[in-house]
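Chemist: File name data.tsv; file contents TSV, C-alpha atoms; full text below.
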```tsv
chain	number	residue	atom	x	y	z
A	1	MET	CA	99.52	78.72	98.85
A	2	ALA	CA	98.49	75.02	98.97
A	3	ALA	CA	101.22	72.52	98.05
A	4	SER	CA	99.19	71.04	95.18
A	5	THR	CA	98.58	74.49	93.70
A	6	ARG	CA	102.25	75.37	94.04
A	7	SER	CA	103.20	72.16	92.24
A	8	GLN	CA	100.83	72.96	89.40
A	9	LEU	CA	102.32	76.44	89.01
A	10	GLU	CA	105.85	75.04	89.05
A	11	ALA	CA	104.88	72.59	86.32
A	12	ALA	CA	103.37	75.39	84.25
A	13	ALA	CA	106.47	77.50	84.69
A	14	ARG	CA	108.74	74.60	83.71
A	15	THR	CA	106.70	73.93	80.60
A	16	ASP	CA	106.68	77.59	79.64
A	17	THR	CA	110.36	78.36	80.25
A	18	SER	CA	111.64	75.12	78.71
A	19	SER	CA	109.97	75.79	75.36
A	20	ASP	CA	113.13	77.48	74.05
A	21	GLY	CA	115.38	74.62	75.10
A	22	HIS	CA	116.42	76.05	78.48
A	23	SER	CA	115.51	74.62	81.84
A	24	ALA	CA	113.32	76.50	84.27
A	25	GLY	CA	116.20	76.57	86.73
A	26	THR	CA	118.46	78.51	84.36
A	27	THR	CA	115.77	80.85	83.06
A	28	GLY	CA	113.74	81.49	86.23
A	29	ALA	CA	115.70	84.57	87.28
A	30	SER	CA	115.70	86.07	83.78
A	31	THR	CA	111.97	85.37	83.40
A	32	ARG	CA	111.31	87.16	86.68
A	33	GLU	CA	113.29	90.18	85.48
A	34	ARG	CA	111.44	90.18	82.15
A	35	ILE	CA	108.13	90.18	84.02
A	36	LEU	CA	109.27	93.18	86.04
A	37	ASP	CA	110.51	95.03	82.96
A	38	ILE	CA	107.25	94.44	81.09
A	39	ALA	CA	105.18	95.43	84.13
A	40	LEU	CA	107.26	98.60	84.50
A	41	GLU	CA	106.47	99.54	80.91
A	42	LEU	CA	102.75	98.76	81.17
A	43	PHE	CA	102.24	100.34	84.58
A	44	THR	CA	103.99	103.49	83.38
A	45	GLN	CA	102.23	103.73	80.02
A	46	GLN	CA	98.67	102.74	80.88
A	47	GLY	CA	98.60	102.87	84.67
A	48	TYR	CA	98.79	100.28	87.42
A	49	ASP	CA	95.02	100.11	87.91
A	50	LYS	CA	94.40	99.56	84.20
A	51	THR	CA	96.97	96.79	83.82
A	52	SER	CA	96.05	93.20	84.63
A	53	LEU	CA	98.21	90.15	85.19
A	54	ARG	CA	96.77	88.82	81.94
A	55	ASP	CA	98.11	91.91	80.13
A	56	ILE	CA	101.57	91.22	81.52
A	57	ALA	CA	101.40	87.51	80.67
A	58	GLU	CA	100.30	88.22	77.11
A	59	ARG	CA	103.09	90.75	76.57
A	60	LEU	CA	105.55	88.23	78.00
A	61	GLY	CA	104.17	85.51	75.72
A	62	THR	CA	103.40	83.14	78.56
A	63	THR	CA	100.44	81.84	80.51
A	64	LYS	CA	98.87	83.39	83.56
A	65	ALA	CA	99.67	80.21	85.49
A	66	ALA	CA	103.37	80.58	84.68
A	67	LEU	CA	103.22	84.20	85.80
A	68	TYR	CA	101.69	83.16	89.14
A	69	TYR	CA	104.73	80.98	89.76
A	70	HIS	CA	106.86	84.12	89.99
A	71	PHE	CA	104.31	86.58	91.40
A	72	GLU	CA	101.07	85.59	93.10
A	73	ARG	CA	99.62	89.12	93.07
A	74	LYS	CA	99.97	92.27	91.01
A	75	GLU	CA	100.86	94.08	94.25
A	76	ASP	CA	103.92	91.85	94.58
A	77	ILE	CA	105.18	93.04	91.21
A	78	LEU	CA	104.64	96.68	92.20
A	79	MET	CA	106.57	96.11	95.41
A	80	GLU	CA	109.54	94.64	93.57
A	81	LEU	CA	109.60	97.62	91.23
A	82	HIS	CA	109.45	99.97	94.21
A	83	LEU	CA	112.39	98.19	95.81
A	84	ARG	CA	114.40	98.70	92.63
A	85	LEU	CA	114.22	102.41	93.40
A	86	HIS	CA	115.19	101.75	97.01
A	87	ALA	CA	118.23	99.89	95.72
A	88	LEU	CA	119.59	103.07	94.12
A	89	GLY	CA	119.65	104.88	97.46
A	90	ARG	CA	120.95	101.83	99.28
A	91	GLU	CA	123.91	101.55	96.91
A	92	ALA	CA	124.95	105.14	97.60
A	93	LEU	CA	124.63	104.68	101.35
A	94	GLU	CA	126.62	101.45	101.31
A	95	GLN	CA	129.45	103.24	99.48
A	96	LEU	CA	129.50	105.79	102.28
A	97	ASP	CA	129.27	103.14	105.00
A	98	ALA	CA	132.36	101.46	103.57
A	99	LEU	CA	134.48	104.54	104.26
A	100	GLU	CA	136.46	104.79	107.47
A	101	ASP	CA	135.12	107.90	109.16
A	102	GLY	CA	132.85	110.92	108.96
A	103	GLN	CA	135.43	113.14	107.27
A	104	ALA	CA	136.00	110.59	104.52
A	105	ARG	CA	132.24	110.32	104.01
A	106	ALA	CA	131.83	114.08	103.78
A	107	ASP	CA	134.67	114.26	101.25
A	108	ALA	CA	133.15	111.48	99.14
A	109	TRP	CA	129.60	112.86	99.28
A	110	PRO	CA	129.71	115.15	96.18
A	111	ALA	CA	131.00	112.38	93.88
A	112	ILE	CA	128.50	109.86	95.25
A	113	ILE	CA	125.66	112.34	94.77
A	114	GLU	CA	126.75	112.87	91.16
A	115	ARG	CA	126.61	109.12	90.56
A	116	PHE	CA	123.23	108.94	92.28
A	117	ILE	CA	121.82	111.56	89.90
A	118	ASP	CA	123.20	109.54	86.97
A	119	GLN	CA	121.46	106.44	88.31
A	120	VAL	CA	118.15	108.24	88.68
A	121	VAL	CA	118.39	109.41	85.06
A	122	ASP	CA	119.31	105.90	83.90
A	123	ASN	CA	116.25	104.60	85.74
A	124	ARG	CA	113.88	107.36	84.62
A	125	GLU	CA	111.13	104.81	83.90
A	126	LEU	CA	111.09	103.85	87.57
A	127	VAL	CA	110.72	107.51	88.50
A	128	LEU	CA	107.87	107.97	86.01
A	129	LEU	CA	106.22	104.85	87.39
A	130	HIS	CA	106.10	106.41	90.85
A	131	GLN	CA	104.95	109.79	89.57
A	132	ARG	CA	102.07	108.31	87.57
A	133	ASN	CA	100.90	105.73	90.10
A	134	HIS	CA	101.12	107.64	93.35
A	135	ARG	CA	97.91	106.23	94.79
A	136	ALA	CA	98.95	102.63	94.13
A	137	PHE	CA	102.24	103.17	95.93
A	138	GLU	CA	100.48	104.73	98.89
A	139	GLN	CA	98.78	101.39	99.43
A	140	LEU	CA	102.18	99.74	99.84
A	141	MET	CA	103.23	101.95	102.74
A	142	ASP	CA	101.91	99.56	105.38
A	143	ASN	CA	103.47	96.52	103.73
A	144	GLU	CA	105.80	94.84	106.23
A	145	ARG	CA	108.54	94.29	103.67
A	146	HIS	CA	108.38	97.91	102.56
A	147	ARG	CA	108.54	99.19	106.15
A	148	ALA	CA	111.55	97.02	106.95
A	149	ASP	CA	113.48	98.07	103.84
A	150	ASN	CA	112.57	101.73	104.24
A	151	ASP	CA	113.47	101.74	107.93
A	152	ASP	CA	116.84	100.19	107.13
A	153	ILE	CA	117.66	102.87	104.55
A	154	GLU	CA	116.56	105.65	106.90
A	155	GLU	CA	118.70	104.20	109.67
A	156	GLN	CA	121.76	104.15	107.38
A	157	PHE	CA	121.10	107.75	106.40
A	158	ARG	CA	120.67	108.87	110.01
A	159	ARG	CA	123.85	107.09	111.05
A	160	ILE	CA	125.83	109.05	108.49
A	161	LEU	CA	124.24	112.43	109.16
A	162	THR	CA	124.41	112.20	112.95
A	163	SER	CA	128.15	111.60	112.92
A	164	PRO	CA	129.79	114.24	115.18
A	165	ALA	CA	132.92	113.87	113.02
A	166	ILE	CA	131.14	115.86	110.28
A	167	PRO	CA	130.60	119.56	111.05
A	168	LEU	CA	126.96	120.59	111.38
A	169	ASP	CA	127.00	122.89	108.35
A	170	ARG	CA	128.24	120.05	106.18
A	171	ARG	CA	125.63	117.63	107.49
A	172	VAL	CA	122.88	120.14	106.75
A	173	ARG	CA	124.13	120.63	103.20
A	174	MET	CA	124.39	116.88	102.67
A	175	ALA	CA	120.80	116.40	103.82
A	176	CYS	CA	119.56	119.30	101.67
A	177	SER	CA	121.28	117.90	98.58
A	178	ILE	CA	119.26	114.71	98.90
A	179	GLY	CA	116.12	116.78	99.34
A	180	ALA	CA	116.92	118.72	96.17
A	181	ILE	CA	117.32	115.55	94.13
A	182	VAL	CA	114.20	113.87	95.46
A	183	GLY	CA	112.15	117.05	95.37
A	184	ALA	CA	112.99	117.90	91.76
A	185	LEU	CA	113.51	114.55	90.05
A	186	ALA	CA	110.91	112.50	91.93
A	187	THR	CA	108.17	115.05	91.20
A	188	GLY	CA	109.52	116.00	87.78
A	189	GLU	CA	106.60	115.34	85.45
A	190	ALA	CA	103.95	116.66	87.83
A	191	VAL	CA	105.82	119.90	88.50
A	192	PHE	CA	108.01	120.51	85.46
A	193	GLY	CA	105.74	119.06	82.77
A	194	ASP	CA	107.44	117.76	79.64
A	195	VAL	CA	110.97	118.90	80.49
A	196	PRO	CA	113.22	115.94	79.54
A	197	MET	CA	114.66	114.09	82.50
A	198	THR	CA	118.21	114.61	81.24
A	199	GLU	CA	117.72	118.38	81.06
A	200	LEU	CA	116.08	118.50	84.47
A	201	ALA	CA	118.88	116.39	85.92
A	202	GLU	CA	121.49	118.89	84.72
A	203	GLU	CA	119.62	121.70	86.46
A	204	VAL	CA	119.45	119.61	89.63
A	205	ARG	CA	123.13	118.79	89.33
A	206	ALA	CA	124.00	122.50	89.11
A	207	ALA	CA	121.78	123.31	92.09
A	208	VAL	CA	123.35	120.56	94.18
A	209	ARG	CA	126.85	121.74	93.31
A	210	ASP	CA	125.94	125.27	94.40
A	211	LEU	CA	124.45	123.87	97.58
A	212	LEU	CA	127.43	121.75	98.48
A	213	GLY	CA	129.92	124.44	97.50
A	214	SER	CA	133.37	123.52	98.76
A	215	LEU	CA	132.07	120.70	100.97
```
Take the structure I supplied and represent it as structure tokens, if you would.

Modeler:
Amino acid sequence: MAASTRSQLEAAARTDTSSDGHSAGTTGASTRERILDIALELFTQQGYDKTSLRDIAERLGTTKAALYYHFERKEDILMELHLRLHALGREALEQLDALEDGQARADAWPAIIERFIDQVVDNRELVLLHQRNHRAFEQLMDNERHRADNDDIEEQFRRILTSPAIPLDRRVRMACSIGAIVGALATGEAVFGDVPMTELAEEVRAAVRDLLGSL
């Protein structure tokens, strides 16, 4: 982006965010999050392809120029929302990484999986966003930032599951439990129709408990 254009967008953002008496510096982060929250709602309700940056700006009560200061393209907003979902998996993996050895990770797995299911339910709008905009997300797969983040998560997961300190049968069950959660909750609406996410999550939770057994 040219320096002059960037300066103009910064000025627009300052004007917009200072209208309530706060400086752009103190409200920039919250404005960015509001943009993402509004985009999440619009993309989920009316579809990514049918939502414009103008729609988001109008719902936010700001100008398109101020919106450009935070996100230059609609694709950038979609990527940030996608990475919110990545963050849920990353948090669980980082909890496991913090433990001392493979045995401790295997012992902690059931509780961490339970919390992960809770997080998916709490972020059901993110899940619906992915279910209803599958084609748009496919276009992000070759994005360099997406590849780097995805590769990092996969590497963390492989590092845990390849640990020789965890018996093979346990590693298989751990891997299958993730597959059960992703397979059922990530495809929920397309496969299970109008079953509420909370009800579906309880079924998944029971299935995962059966799968893990006395792990």

Chemist: Which polymer residues, protein or nucleic acid, are no farther than 12 Å from (105.3, 91.4, 91.5), counting all atoms listed in the file, as number ranges by chain?

Modeler: A: 32-40, 43, 48, 52-53, 56, 67-84

Chemist: Just how far from atom CA of Gly188 of chain A is atom CA of Leu200 of chain A, in Å to one decimal?

Modeler: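 Taking atom CA of Leu200 of chain A and atom CA of Gly188 of chain A, their separation equals 7.8 Å.
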
Chemist: If I take atom CA of Val127 of chain A and atom CA of Leu185 of chain A, how far is one from the other in Å, to one decimal?

Modeler: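 These atoms are spaced 7.7 Å apart.
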
Chemist: Which value, in Å to one decimal, gives the distance between atom CA of Leu99 of chain A and atom CA of Ser177 of chain A?

Modeler: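 Here the two named atoms are 19.6 Å from each other.
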
Chemist: Counting all atoms listed in the file, figure out which residue out of A:Arg54, A:Arg90, A:Lys64, A:His134 gets nearest to Asp151 of chain A.

Modeler: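 For Asp151 of chain A, the nearest of the candidates is A:Arg90.
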
Chemist: Identify which of the residues A:Leu88, A:Ala65, A:Ala180, A:Met174 lies closest to Ala108 of chain A, counting all atoms listed in the file when measuring atom-to-atom distances.

Modeler: A:Met174

Chemist: From the set A:Ile160, A:Leu60, A:Ile181, A:Val195, which residue has the shortest atom-to-atom contact distance to Gln119 of chain A, counting only C-alpha atoms?

Modeler: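 Of A:Ile160, A:Leu60, A:Ile181, A:Val195, the one nearest Gln119 of chain A is A:Ile181, counting only C-alpha atoms.
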
Chemist: Take every atom of segment 129-147 of chain A listed in the file, pad by 8 Å on each side, and give me the axis-aligned box centre and edge lengths in Å, one decimal, as lines of an AutoDock Vina configuration file.

Modeler:
```
center_x = 103.2
center_y = 102.0
center_z = 96.8
size_x = 26.6
size_y = 31.5
size_z = 34.8
```

Chemist: Is there a way to complete segment 60-79 of chain A with N, CA, C and O atoms and then write that out as a compact mmCIF listing (two decimals), in the coordinates of the input?

Modeler:
```
# COMPACT_ATOMS: atom_id res chain seq x y z
N LEU A 60 104.41 89.11 77.77
CA LEU A 60 105.55 88.23 78.00
C LEU A 60 105.52 87.03 77.06
O LEU A 60 106.56 86.45 76.76
N GLY A 61 104.31 86.68 76.58
CA GLY A 61 104.17 85.51 75.72
C GLY A 61 104.12 84.23 76.52
O GLY A 61 104.63 83.18 76.10
N THR A 62 103.48 84.31 77.69
CA THR A 62 103.40 83.14 78.56
C THR A 62 101.97 83.00 79.07
O THR A 62 101.08 83.74 78.65
N THR A 63 101.77 82.05 79.94
CA THR A 63 100.44 81.84 80.51
C THR A 63 100.33 82.54 81.86
O THR A 63 101.33 82.83 82.50
N LYS A 64 99.08 82.76 82.25
CA LYS A 64 98.87 83.39 83.56
C LYS A 64 99.37 82.47 84.68
O LYS A 64 99.90 82.93 85.69
N ALA A 65 99.21 81.17 84.47
CA ALA A 65 99.67 80.21 85.49
C ALA A 65 101.18 80.30 85.67
O ALA A 65 101.68 80.26 86.80
N ALA A 66 101.92 80.45 84.58
CA ALA A 66 103.37 80.58 84.68
C ALA A 66 103.75 81.88 85.38
O ALA A 66 104.71 81.94 86.14
N LEU A 67 102.97 82.92 85.14
CA LEU A 67 103.22 84.20 85.80
C LEU A 67 103.01 84.09 87.31
O LEU A 67 103.79 84.63 88.11
N TYR A 68 101.98 83.35 87.71
CA TYR A 68 101.69 83.16 89.14
C TYR A 68 102.83 82.46 89.86
O TYR A 68 102.99 82.62 91.07
N TYR A 69 103.60 81.66 89.13
CA TYR A 69 104.73 80.98 89.76
C TYR A 69 105.74 81.98 90.30
O TYR A 69 106.36 81.77 91.33
N HIS A 70 105.89 83.09 89.59
CA HIS A 70 106.86 84.12 89.99
C HIS A 70 106.24 85.18 90.89
O HIS A 70 106.89 85.67 91.81
N PHE A 71 104.99 85.55 90.61
CA PHE A 71 104.31 86.58 91.40
C PHE A 71 102.85 86.18 91.58
O PHE A 71 102.13 86.05 90.60
N GLU A 72 102.44 86.01 92.82
CA GLU A 72 101.07 85.59 93.10
C GLU A 72 100.07 86.72 92.93
O GLU A 72 98.91 86.49 92.62
N ARG A 73 100.53 87.98 93.15
CA ARG A 73 99.62 89.12 93.07
C ARG A 73 100.28 90.26 92.29
O ARG A 73 101.51 90.37 92.26
N LYS A 74 99.45 91.09 91.72
CA LYS A 74 99.97 92.27 91.01
C LYS A 74 100.70 93.19 91.99
O LYS A 74 101.69 93.83 91.63
N GLU A 75 100.22 93.23 93.23
CA GLU A 75 100.86 94.08 94.25
C GLU A 75 102.30 93.65 94.50
O GLU A 75 103.16 94.48 94.82
N ASP A 76 102.57 92.35 94.36
CA ASP A 76 103.92 91.85 94.58
C ASP A 76 104.88 92.37 93.50
O ASP A 76 106.05 92.66 93.78
N ILE A 77 104.37 92.50 92.29
CA ILE A 77 105.18 93.04 91.21
C ILE A 77 105.48 94.51 91.48
O ILE A 77 106.61 94.98 91.32
N LEU A 78 104.46 95.26 91.90
CA LEU A 78 104.64 96.68 92.20
C LEU A 78 105.66 96.87 93.31
O LEU A 78 106.50 97.77 93.26
N MET A 79 105.61 96.02 94.31
CA MET A 79 106.57 96.11 95.41
C MET A 79 108.00 95.89 94.93
O MET A 79 108.92 96.62 95.31
```
